[in-house]
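Engineer: Hey, dropping my_file.txt in here, compact mmCIF, C-alpha atoms:
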# COMPACT_ATOMS: atom_id res chain seq x y z
CA MET A 9 179.70 -80.19 52.33
CA THR A 10 176.71 -80.79 54.59
CA ASP A 11 172.97 -80.06 54.71
CA VAL A 12 173.16 -78.65 58.26
CA LYS A 13 173.65 -74.88 58.29
CA LEU A 14 176.01 -73.77 61.05
CA CYS A 15 176.03 -70.47 62.95
CA TRP A 16 179.39 -69.30 64.31
CA LEU A 17 179.59 -66.11 66.35
CA ASP A 18 182.87 -64.19 66.56
CA ILE A 19 183.18 -62.52 69.98
CA ARG A 20 186.66 -61.04 69.45
CA GLY A 21 185.24 -57.54 69.17
CA ALA A 22 182.34 -57.79 71.61
CA GLY A 23 184.18 -55.96 74.42
CA ASN A 24 182.03 -55.26 77.47
CA ALA A 25 179.06 -56.94 75.82
CA THR A 26 180.83 -60.33 75.66
CA GLY A 27 179.01 -61.86 78.63
CA ALA A 28 175.57 -60.86 77.40
CA VAL A 29 176.40 -61.91 73.83
CA LEU A 30 177.49 -65.36 75.03
CA GLU A 31 174.35 -65.76 77.14
CA GLU A 32 172.19 -65.00 74.12
CA ALA A 33 174.30 -67.28 71.91
CA LEU A 34 173.72 -70.21 74.26
CA HIS A 35 170.00 -69.47 74.38
CA GLN A 36 169.87 -69.44 70.56
CA ARG A 37 171.95 -72.63 70.39
CA ILE A 38 174.67 -71.04 68.31
CA ASP A 39 176.90 -73.82 66.96
CA GLY A 40 180.31 -72.21 67.40
CA ILE A 41 181.95 -69.45 69.40
CA VAL A 42 185.04 -67.91 67.79
CA ALA A 43 187.72 -66.23 69.90
CA ALA A 44 191.46 -65.56 69.97
CA ASP A 45 191.92 -66.30 73.67
CA PRO A 46 191.18 -69.76 75.13
CA ALA A 47 190.05 -68.05 78.35
CA ALA A 48 186.95 -66.83 76.50
CA PHE A 49 185.61 -70.40 76.51
CA ALA A 50 185.43 -70.66 80.32
CA GLY A 51 182.03 -71.98 81.37
CA LEU A 52 180.79 -72.82 77.87
CA PRO A 53 179.01 -76.18 77.61
CA PRO A 54 180.33 -79.02 75.45
CA THR A 55 177.43 -78.54 73.03
CA VAL A 56 179.12 -75.40 71.64
CA ARG A 57 182.12 -75.73 69.32
CA LYS A 58 184.95 -73.60 70.67
CA VAL A 59 186.99 -72.16 67.81
CA LEU A 60 190.27 -70.29 68.01
CA LEU A 61 190.93 -68.20 64.90
CA PHE A 62 194.35 -66.67 64.21
CA GLU A 63 194.42 -64.76 60.94
CA ASP A 64 198.13 -63.90 61.33
CA GLY A 65 199.34 -67.50 61.17
CA VAL A 66 200.65 -70.32 63.34
CA ASP A 67 203.08 -68.06 65.25
CA ALA A 68 200.10 -66.44 66.97
CA VAL A 69 198.80 -69.74 68.36
CA PRO A 70 199.44 -70.06 72.13
CA ALA A 71 201.01 -73.17 73.61
CA ASP A 72 197.97 -73.76 75.81
CA LEU A 73 194.78 -74.14 73.74
CA GLY A 74 192.55 -74.55 76.77
CA ALA A 75 189.14 -76.01 75.96
CA ALA A 76 189.37 -75.26 72.23
CA ASP A 77 187.84 -77.84 69.90
CA LEU A 78 189.14 -76.33 66.67
CA VAL A 79 192.02 -74.05 65.71
CA VAL A 80 191.87 -72.22 62.37
CA VAL A 81 194.99 -70.65 60.84
CA PRO A 82 196.08 -69.59 57.34
CA GLY A 83 198.48 -71.64 55.27
CA PRO A 84 198.65 -75.27 54.09
CA ARG A 85 198.73 -78.30 56.38
CA GLU A 86 202.51 -78.55 56.36
CA GLU A 87 202.80 -75.25 58.23
CA ARG A 88 200.73 -76.52 61.16
CA ALA A 89 202.07 -80.08 61.30
CA ALA A 90 203.93 -79.41 64.54
CA LEU A 91 200.82 -77.91 66.12
CA GLN A 92 198.71 -80.88 65.16
CA GLU A 93 201.29 -83.25 66.57
CA ALA A 94 201.44 -81.30 69.85
CA HIS A 95 197.62 -81.21 70.16
CA PRO A 96 196.26 -84.53 68.82
CA ASP A 97 192.85 -84.01 70.47
CA VAL A 98 192.21 -80.68 68.71
CA GLU A 99 190.93 -80.26 65.16
CA PHE A 100 192.65 -77.86 62.79
CA GLY A 101 191.31 -75.93 59.83
CA ARG A 102 192.48 -73.38 57.30
CA TYR A 103 191.66 -69.68 57.04
CA VAL A 104 191.80 -68.15 53.56
CA GLU A 105 191.33 -64.50 52.68
CA ILE A 106 190.19 -64.32 49.05
CA VAL A 107 191.35 -61.20 47.22
CA ASP A 108 192.38 -62.46 43.76
CA ALA A 109 192.56 -65.50 41.47
CA ASP A 110 195.46 -67.11 43.36
CA THR A 111 193.77 -66.91 46.76
CA LEU A 112 190.54 -68.13 45.18
CA GLU A 113 192.43 -71.23 44.05
CA ASP A 114 193.74 -71.62 47.62
CA ALA A 115 190.15 -71.46 48.88
CA CYS A 116 189.05 -74.14 46.40
CA LEU A 117 191.93 -76.37 47.49
CA ALA A 118 191.10 -75.87 51.17
CA ALA A 119 187.43 -76.62 50.58
CA ARG A 120 188.31 -79.87 48.85
CA LEU A 121 190.96 -81.08 51.33
CA GLU A 122 190.43 -79.51 54.75
CA PRO A 123 187.95 -80.69 57.38
CA TRP A 124 187.23 -77.01 58.10
CA SER A 125 187.72 -74.02 55.80
CA VAL A 126 187.00 -70.48 57.01
CA LEU A 127 186.74 -68.23 53.96
CA ASP A 128 186.87 -64.43 54.02
CA PHE A 129 185.83 -62.88 50.69
CA ARG A 130 186.91 -59.24 50.64
CA ASP A 131 184.90 -58.22 47.54
CA PRO A 132 181.09 -57.98 47.68
CA THR A 133 180.47 -60.30 44.71
CA LYS A 134 179.32 -63.84 45.53
CA ILE A 135 180.69 -65.38 42.33
CA PRO A 136 183.95 -66.52 44.03
CA LEU A 137 181.90 -68.33 46.69
CA GLU A 138 179.88 -70.00 43.95
CA ILE A 139 183.15 -71.24 42.43
CA VAL A 140 184.35 -72.63 45.78
CA ILE A 141 181.04 -74.37 46.49
CA ALA A 142 181.09 -75.96 43.05
CA ALA A 143 184.72 -77.04 43.52
CA ALA A 144 183.90 -78.62 46.89
CA THR A 145 180.98 -80.70 45.66
CA GLY A 146 181.27 -84.12 47.27
CA ALA A 147 184.08 -83.09 49.62
CA PRO A 148 183.65 -84.24 53.25
CA GLY A 149 184.78 -80.98 54.87
CA SER A 150 182.76 -77.94 55.89
CA ILE A 151 182.96 -74.41 54.49
CA ILE A 152 182.39 -71.53 56.90
CA THR A 153 182.06 -68.14 55.19
CA THR A 154 182.40 -64.79 56.93
CA ALA A 155 179.52 -62.32 56.71
CA SER A 156 179.40 -58.75 57.98
CA THR A 157 175.60 -58.54 58.31
CA THR A 158 172.68 -60.90 58.74
CA GLU A 159 171.39 -59.85 55.31
CA GLU A 160 174.67 -61.05 53.81
CA ALA A 161 174.51 -64.19 55.94
CA GLU A 162 171.12 -65.09 54.49
CA ILE A 163 172.54 -64.76 50.97
CA VAL A 164 175.62 -66.82 51.83
CA TYR A 165 173.42 -69.62 53.18
CA GLY A 166 171.65 -69.81 49.81
CA VAL A 167 174.42 -69.37 47.20
CA LEU A 168 173.98 -71.89 44.36
CA GLU A 169 170.97 -73.22 46.34
CA LEU A 170 173.44 -75.34 48.33
CA GLY A 171 174.89 -72.44 50.27
CA SER A 172 177.90 -72.32 52.53
CA ASP A 173 177.88 -74.93 55.31
CA GLY A 174 178.01 -72.15 57.85
CA VAL A 175 178.43 -68.45 58.48
CA LEU A 176 180.92 -66.73 60.77
CA MET A 177 179.66 -63.32 61.86
CA ARG A 178 181.17 -60.83 64.28
CA ALA A 179 179.00 -60.07 67.31
CA GLY A 180 179.04 -56.61 68.78
CA THR A 181 175.80 -56.45 70.69
CA VAL A 182 172.91 -58.45 72.06
CA GLY A 183 170.60 -59.43 69.21
CA ASP A 184 173.31 -60.52 66.79
CA ALA A 185 173.05 -64.19 67.78
CA THR A 186 169.28 -64.18 67.32
CA ALA A 187 169.57 -62.44 63.96
CA LEU A 188 172.17 -64.95 62.73
CA ARG A 189 170.07 -67.91 63.81
CA THR A 190 167.08 -66.37 62.03
CA ALA A 191 169.14 -65.96 58.85
CA ALA A 192 170.15 -69.62 58.99
CA SER A 193 166.58 -70.82 59.45
CA ALA A 194 165.30 -68.55 56.67
CA ARG A 195 166.32 -71.10 54.07
CA GLY A 196 163.36 -73.29 54.86
CA GLY A 197 162.07 -76.04 57.06
CA GLU A 198 158.96 -78.13 57.45
CA ILE A 199 155.34 -77.46 58.31
CA ASP A 200 152.62 -79.91 59.29
CA LEU A 201 150.02 -80.54 56.60
CA VAL A 202 146.69 -82.26 57.16
CA GLU A 203 144.09 -83.76 54.85
CA LEU A 204 140.92 -81.67 54.81
CA THR A 205 137.54 -82.94 53.66
CA VAL A 206 135.49 -80.55 51.56
CA THR A 207 132.03 -80.00 53.09
CA HIS A 208 130.49 -77.26 50.95
CA THR A 209 131.18 -74.84 48.08
CA THR A 210 129.27 -71.62 47.39
CA HIS A 211 129.36 -69.13 44.52
CA ILE A 212 129.40 -65.78 46.36
CA GLY A 213 129.56 -63.22 43.56
CA MET A 214 132.08 -60.52 42.78
CA GLY A 215 135.05 -59.44 44.88
CA GLU A 216 138.74 -58.73 44.76
CA ARG A 217 141.24 -61.56 44.52
CA ALA A 218 145.03 -61.44 44.62
CA CYS A 219 147.51 -63.18 42.35
CA VAL A 220 150.87 -63.43 44.12
CA ASP A 221 153.72 -63.24 41.59
CA THR A 222 157.03 -64.30 43.12
CA THR A 223 160.64 -64.16 42.00
CA THR A 224 160.98 -67.94 42.02
CA HIS A 225 160.00 -70.90 39.86
CA PHE A 226 157.56 -73.04 41.83
CA ARG A 227 157.77 -76.80 41.57
CA LYS A 228 154.75 -78.75 40.40
CA ASP A 229 153.92 -79.95 43.93
CA GLU A 230 154.39 -76.53 45.51
CA GLY A 231 152.27 -73.51 46.33
CA ILE A 232 151.40 -71.22 49.23
CA LEU A 233 149.03 -71.63 52.18
CA VAL A 234 145.95 -69.39 52.08
CA GLY A 235 142.85 -69.21 54.25
CA SER A 236 140.09 -66.95 55.50
CA HIS A 237 140.90 -67.81 59.13
CA SER A 238 144.18 -67.74 61.02
CA LYS A 239 143.69 -71.31 62.27
CA GLY A 240 143.03 -73.00 58.96
CA MET A 241 144.58 -72.71 55.50
CA VAL A 242 144.56 -74.57 52.19
CA LEU A 243 147.54 -75.31 49.95
CA CYS A 244 146.97 -73.33 46.73
CA VAL A 245 149.04 -74.56 43.80
CA SER A 246 151.05 -72.34 41.50
CA GLU A 247 150.34 -71.91 37.79
CA THR A 248 153.15 -74.34 36.96
CA HIS A 249 150.75 -76.88 35.46
CA PRO A 250 149.61 -76.45 31.83
CA LEU A 251 146.28 -74.82 31.10
CA PRO A 252 144.31 -75.15 27.84
CA TYR A 253 143.70 -71.44 27.23
CA MET A 254 146.77 -69.65 28.56
CA PRO A 255 150.51 -70.19 29.06
CA THR A 256 151.88 -71.41 32.38
CA ARG A 257 153.17 -68.82 34.82
CA PRO A 258 155.31 -70.89 37.18
CA PHE A 259 156.08 -67.89 39.38
CA ARG A 260 152.41 -67.18 40.20
CA VAL A 261 149.82 -68.38 42.67
CA ASN A 262 146.22 -67.29 42.12
CA ALA A 263 145.90 -67.15 45.87
CA GLY A 264 142.44 -65.98 46.87
CA ALA A 265 140.36 -63.09 48.10
CA LEU A 266 142.37 -60.11 49.30
CA HIS A 267 141.30 -60.51 52.96
CA SER A 268 142.90 -63.96 53.17
CA TYR A 269 145.85 -64.94 55.30
CA THR A 270 149.06 -66.45 54.00
CA VAL A 271 152.15 -67.61 55.88
CA SER A 272 155.60 -66.06 55.79
CA GLN A 273 158.88 -66.73 57.61
CA GLY A 274 158.80 -67.58 61.29
CA GLY A 275 155.14 -68.56 61.19
CA ARG A 276 153.91 -64.98 60.86
CA THR A 277 150.81 -64.43 58.75
CA HIS A 278 150.05 -61.59 56.36
CA TYR A 279 146.88 -60.57 54.58
CA LEU A 280 147.21 -60.96 50.83
CA SER A 281 146.32 -57.26 50.59
CA GLU A 282 149.44 -56.40 52.63
CA LEU A 283 151.91 -58.11 50.31
CA HIS A 284 154.04 -56.01 47.98
CA ALA A 285 157.24 -56.24 45.96
CA GLY A 286 159.95 -57.46 48.32
CA SER A 287 157.61 -59.19 50.80
CA LYS A 288 158.37 -62.77 51.82
CA VAL A 289 155.92 -65.66 51.65
CA LEU A 290 156.41 -69.32 52.43
CA ALA A 291 156.43 -71.77 49.53
CA VAL A 292 155.16 -75.15 50.71
CA ASP A 293 155.18 -78.50 48.92
CA THR A 294 152.89 -81.48 49.46
CA LYS A 295 155.41 -83.08 51.84
CA GLY A 296 155.31 -80.00 54.07
CA ARG A 297 158.78 -78.80 53.09
CA THR A 298 159.05 -75.02 53.03
CA ARG A 299 161.25 -72.28 51.68
CA PRO A 300 160.89 -68.49 51.83
CA VAL A 301 160.35 -66.78 48.49
CA SER A 302 160.24 -63.10 47.58
CA VAL A 303 157.19 -61.40 46.14
CA GLY A 304 157.78 -59.56 42.88
CA ARG A 305 154.27 -58.21 42.44
CA VAL A 306 150.70 -58.64 43.68
CA LYS A 307 147.83 -58.30 41.20
CA ILE A 308 144.50 -57.45 42.84
CA GLU A 309 141.55 -57.50 40.43
CA THR A 310 137.76 -57.85 40.59
CA ARG A 311 136.63 -61.36 39.77
CA PRO A 312 133.76 -63.75 40.63
CA LEU A 313 134.54 -65.69 43.82
CA ILE A 314 133.83 -69.16 45.20
CA SER A 315 133.85 -70.07 48.88
CA ILE A 316 135.18 -73.52 49.84
CA ASP A 317 134.47 -74.99 53.29
CA ALA A 318 136.37 -77.98 54.62
CA VAL A 319 136.94 -79.78 57.90
CA ALA A 320 140.01 -81.39 59.46
CA PRO A 321 140.02 -84.76 61.27
CA SER A 322 140.17 -82.78 64.52
CA GLY A 323 136.91 -81.06 63.67
CA GLN A 324 138.59 -77.73 62.92
CA THR A 325 136.79 -75.94 60.10
CA VAL A 326 138.64 -74.22 57.26
CA ASN A 327 137.45 -71.71 54.68
CA LEU A 328 139.10 -70.48 51.51
CA ILE A 329 137.66 -67.97 49.03
CA LEU A 330 139.14 -68.21 45.53
CA GLN A 331 138.49 -66.78 42.12
CA ASP A 332 135.49 -68.66 40.76
CA ASP A 333 137.15 -70.11 37.69
CA TRP A 334 138.03 -73.63 36.59
CA HIS A 335 141.73 -72.87 36.09
CA VAL A 336 142.24 -71.83 39.74
CA ARG A 337 143.40 -74.92 41.63
CA VAL A 338 144.47 -76.35 44.96
CA LEU A 339 146.59 -79.35 45.92
CA GLY A 340 145.44 -82.69 47.28
CA PRO A 341 147.20 -85.82 48.57
CA ASP A 342 149.93 -87.25 46.34
CA ALA A 343 150.28 -83.81 44.73
CA ALA A 344 146.92 -84.11 42.98
CA VAL A 345 145.95 -80.85 41.25
CA LEU A 346 142.27 -80.10 41.85
CA ASN A 347 140.18 -77.53 39.98
CA SER A 348 138.43 -75.35 42.57
CA THR A 349 135.11 -75.16 40.71
CA GLU A 350 134.94 -78.97 40.49
CA LEU A 351 135.43 -79.58 44.23
CA LYS A 352 132.48 -81.32 45.89
CA PRO A 353 131.66 -82.57 49.39
CA GLY A 354 133.85 -85.52 50.29
CA ASP A 355 136.87 -84.45 48.22
CA THR A 356 140.22 -84.30 50.02
CA ILE A 357 142.52 -81.30 49.88
CA LEU A 358 145.72 -80.41 51.76
CA GLY A 359 145.93 -77.71 54.39
CA HIS A 360 147.59 -76.48 57.55
CA LEU A 361 146.16 -75.74 60.99
CA PRO A 362 148.14 -73.08 62.87
CA THR A 363 147.66 -73.49 66.61
CA ALA A 364 147.57 -69.86 67.73
CA ASP A 365 145.37 -66.86 67.10
CA ARG A 366 146.92 -63.78 65.52
CA HIS A 367 147.51 -60.15 66.36
CA VAL A 368 149.05 -58.12 63.50
CA GLY A 369 150.22 -61.43 62.07
CA TYR A 370 152.02 -62.71 65.17
CA PRO A 371 150.86 -65.78 67.13
CA ILE A 372 149.21 -64.84 70.42
CA ASP A 373 147.47 -66.84 73.13
CA GLU A 374 144.17 -65.03 73.56
CA PHE A 375 140.47 -65.50 72.90
CA CYS A 376 139.61 -64.98 69.25
CA LEU A 377 136.46 -66.09 67.46
CA GLU A 378 136.59 -66.32 63.66
CA LYS A 379 133.58 -67.34 61.58
Using C-alpha cells, write down the structure that the file contains.
Structural biologist:
Amino acid sequence: MTDVKLCWLDIRGAGNATGAVLEEALHQRIDGIVAADPAAFAGLPPTVRKVLLFEDGVDAVPADLGAADLVVVPGPREERAALQEAHPDVEFGRYVEIVDADTLEDACLAARLEPWSVLDFRDPTKIPLEIVIAAATGAPGSIITTASTTEEAEIVYGVLELGSDGVLMRAGTVGDATALRTAASARGGEIDLVELTVTHTTHIGMGERACVDTTTHFRKDEGILVGSHSKGMVLCVSETHPLPYMPTRPFRVNAGALHSYTVSQGGRTHYLSELHAGSKVLAVDTKGRTRPVSVGRVKIETRPLISIDAVAPSGQTVNLILQDDWHVRVLGPDAAVLNSTELKPGDTILGHLPTADRHVGYPIDEFCLEK
C-alpha cells in the first residue's frame, strides 16, 4: 500500500458527456481514466494512467490494447498468463467483486499479491474493506476501491486511517472529476506556519467565547487556527494536556471569541459562531500537517476575555481574543504549550498568515481593511 491517494475516473457510462468529462479530468489531474475500449484513450497525455477494466473476464479483452497502461480482469494470475505474455509492456491487475466470505478472501489474496487490485464491495458496510487493508499491510501493490458517490469516496480514503490507495468512481457529468479530487484531498495536507512575536495583551472584559468540541482525539501538538482577522491566525491547542482542576477533554479546543475566524477544508474560513454539529474544521499540528475533523458541538458561553496582539517577521499583525483564564492555551515552537494569561511581549507563538481577504469565507482578491 502507498501514501499517495489515487483518483480513477470511470468513463464507461459518460455517453455524450465523455469529451467534457475527460477535459475536466485532465484539468483536475485525475490519475487514471478507466474505459472498456482502447479508442477512448486517444489524445490522452502520458501523465494519465489508461486503464481497461473488463468485469466479465479475460475473454472480453480485445487483441489490440491500444495505448492502455493497465488491464484489470477478474480471476487469478494463471487465467491471464497468455495475455501477459502477449502484452509484456502492459501491466495487469485483478478485479474482485466482494459479496461473501469467499470473495472477501479472494480480495485479501489479491491485495497481498497483485500489483493492482480493483475491489467492488456490493454491501454498504466498510468492515470488509478494513479487513482487506489490514491483510495488505506491507504489501507492495495498490488497492483501488470502487465508490458510487464522492461522500463514499471520502470515507474509503480514510478507512482504518490508512484508507484505500485509490478510488474508482463512475463519471456521468462534468463536476464528478472535481468532486473526486476534492474527496481525495480532504484527508489532509500541509499549511505554512510562522513564528509570531507577542507584542501586547489586554484584559477586555466580558464576552462570548466558543469551545469547539470535535468528534476526534487531538494529538498533544495539535489544535485549530483561530484569529480575529482573516489574514492572521494563532494555533490554539486542544485540551489534551492535563490541567490541575479539571479532567482533560482531548476532543475540545477552547477556541476564542465567537467573532473569530477558523480554517476549514480547502482554505475556506468560518466564524466560530457559524460552526455547528457536522461542520468541518482543520486540525493543524506544529509541523503544519493538517487533517479535516468534524464538529460534534459548539459551546458558546459568556466569559472574561483577553486580547493577544502579535506580529509576524513580515510585519503582518495578528490578533486573537481568548477566554481570560490560565487554562486556555496556545502552541509555540517545538510544541510548547503556553498559558494565554502568562503571555508577555517577546514570547513566541505559532500562527498562519492567509494571503487573501475573505468574502463569506472564500478567498478573494479585493481591498479589505481589518483592524
Engineer: Fewer than 4 positions away in the same chain doesn't count, so skip those; otherwise give me all residues within 12 Å of Val338 in chain A, counting only C-alpha atoms, as a ChimeraX atom specification.
Structural biologist: /A:204,206,228-235,241-249,261-264,293-294,316,328-331,334,343-351,355-359
Engineer: Skipping near chain neighbours, those fewer than 5 positions away, what residues fall within 12 Å of Arg299 in chain A using all atoms listed in the file, listed as a list of chain:residue names?
Structural biologist: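 Selected residues are A:Gly166, A:Glu169, A:Ala192, A:Ser193, A:Ala194, A:Arg195, A:Gly196, A:Gly197, A:Glu198, A:Ile199, A:Thr224, A:His225, A:Phe226, A:Arg227, A:Glu230, A:Gly231, A:Ile232, A:Val271, A:Ser272, A:Gln273, A:Gly274, A:Gly275, A:Lys288, A:Val289, A:Leu290, A:Ala291, A:Val292, A:Asp293.
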Engineer: By how many Å are CA of Leu30 in chain A and CA of Leu52 in chain A apart?
Structural biologist: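 It comes out at 8.6 Å.
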Engineer: With a distance cut-off of 10 Å and all atoms listed in the file, select the neighbouring residues of range 118-125 of chain A, excluding the residue or stretch itself and same-chain residues fewer than 5 positions from it, and output the selection as a VMD selection string.
Structural biologist: chain A and resid 9 78 to 85 99 to 104 112 to 113 140 to 153 173
Engineer: Determine the axis-aligned bounding box of all atoms of range 187-191 of chain A present in the file, pad each side by 4 Å, and express its centre and edge lengths in Å to one decimal place as lines of an AutoDock Vina configuration file.
Structural biologist:
center_x = 169.6
center_y = -65.2
center_z = 61.4
size_x = 13.1
size_y = 13.5
size_z = 13.1
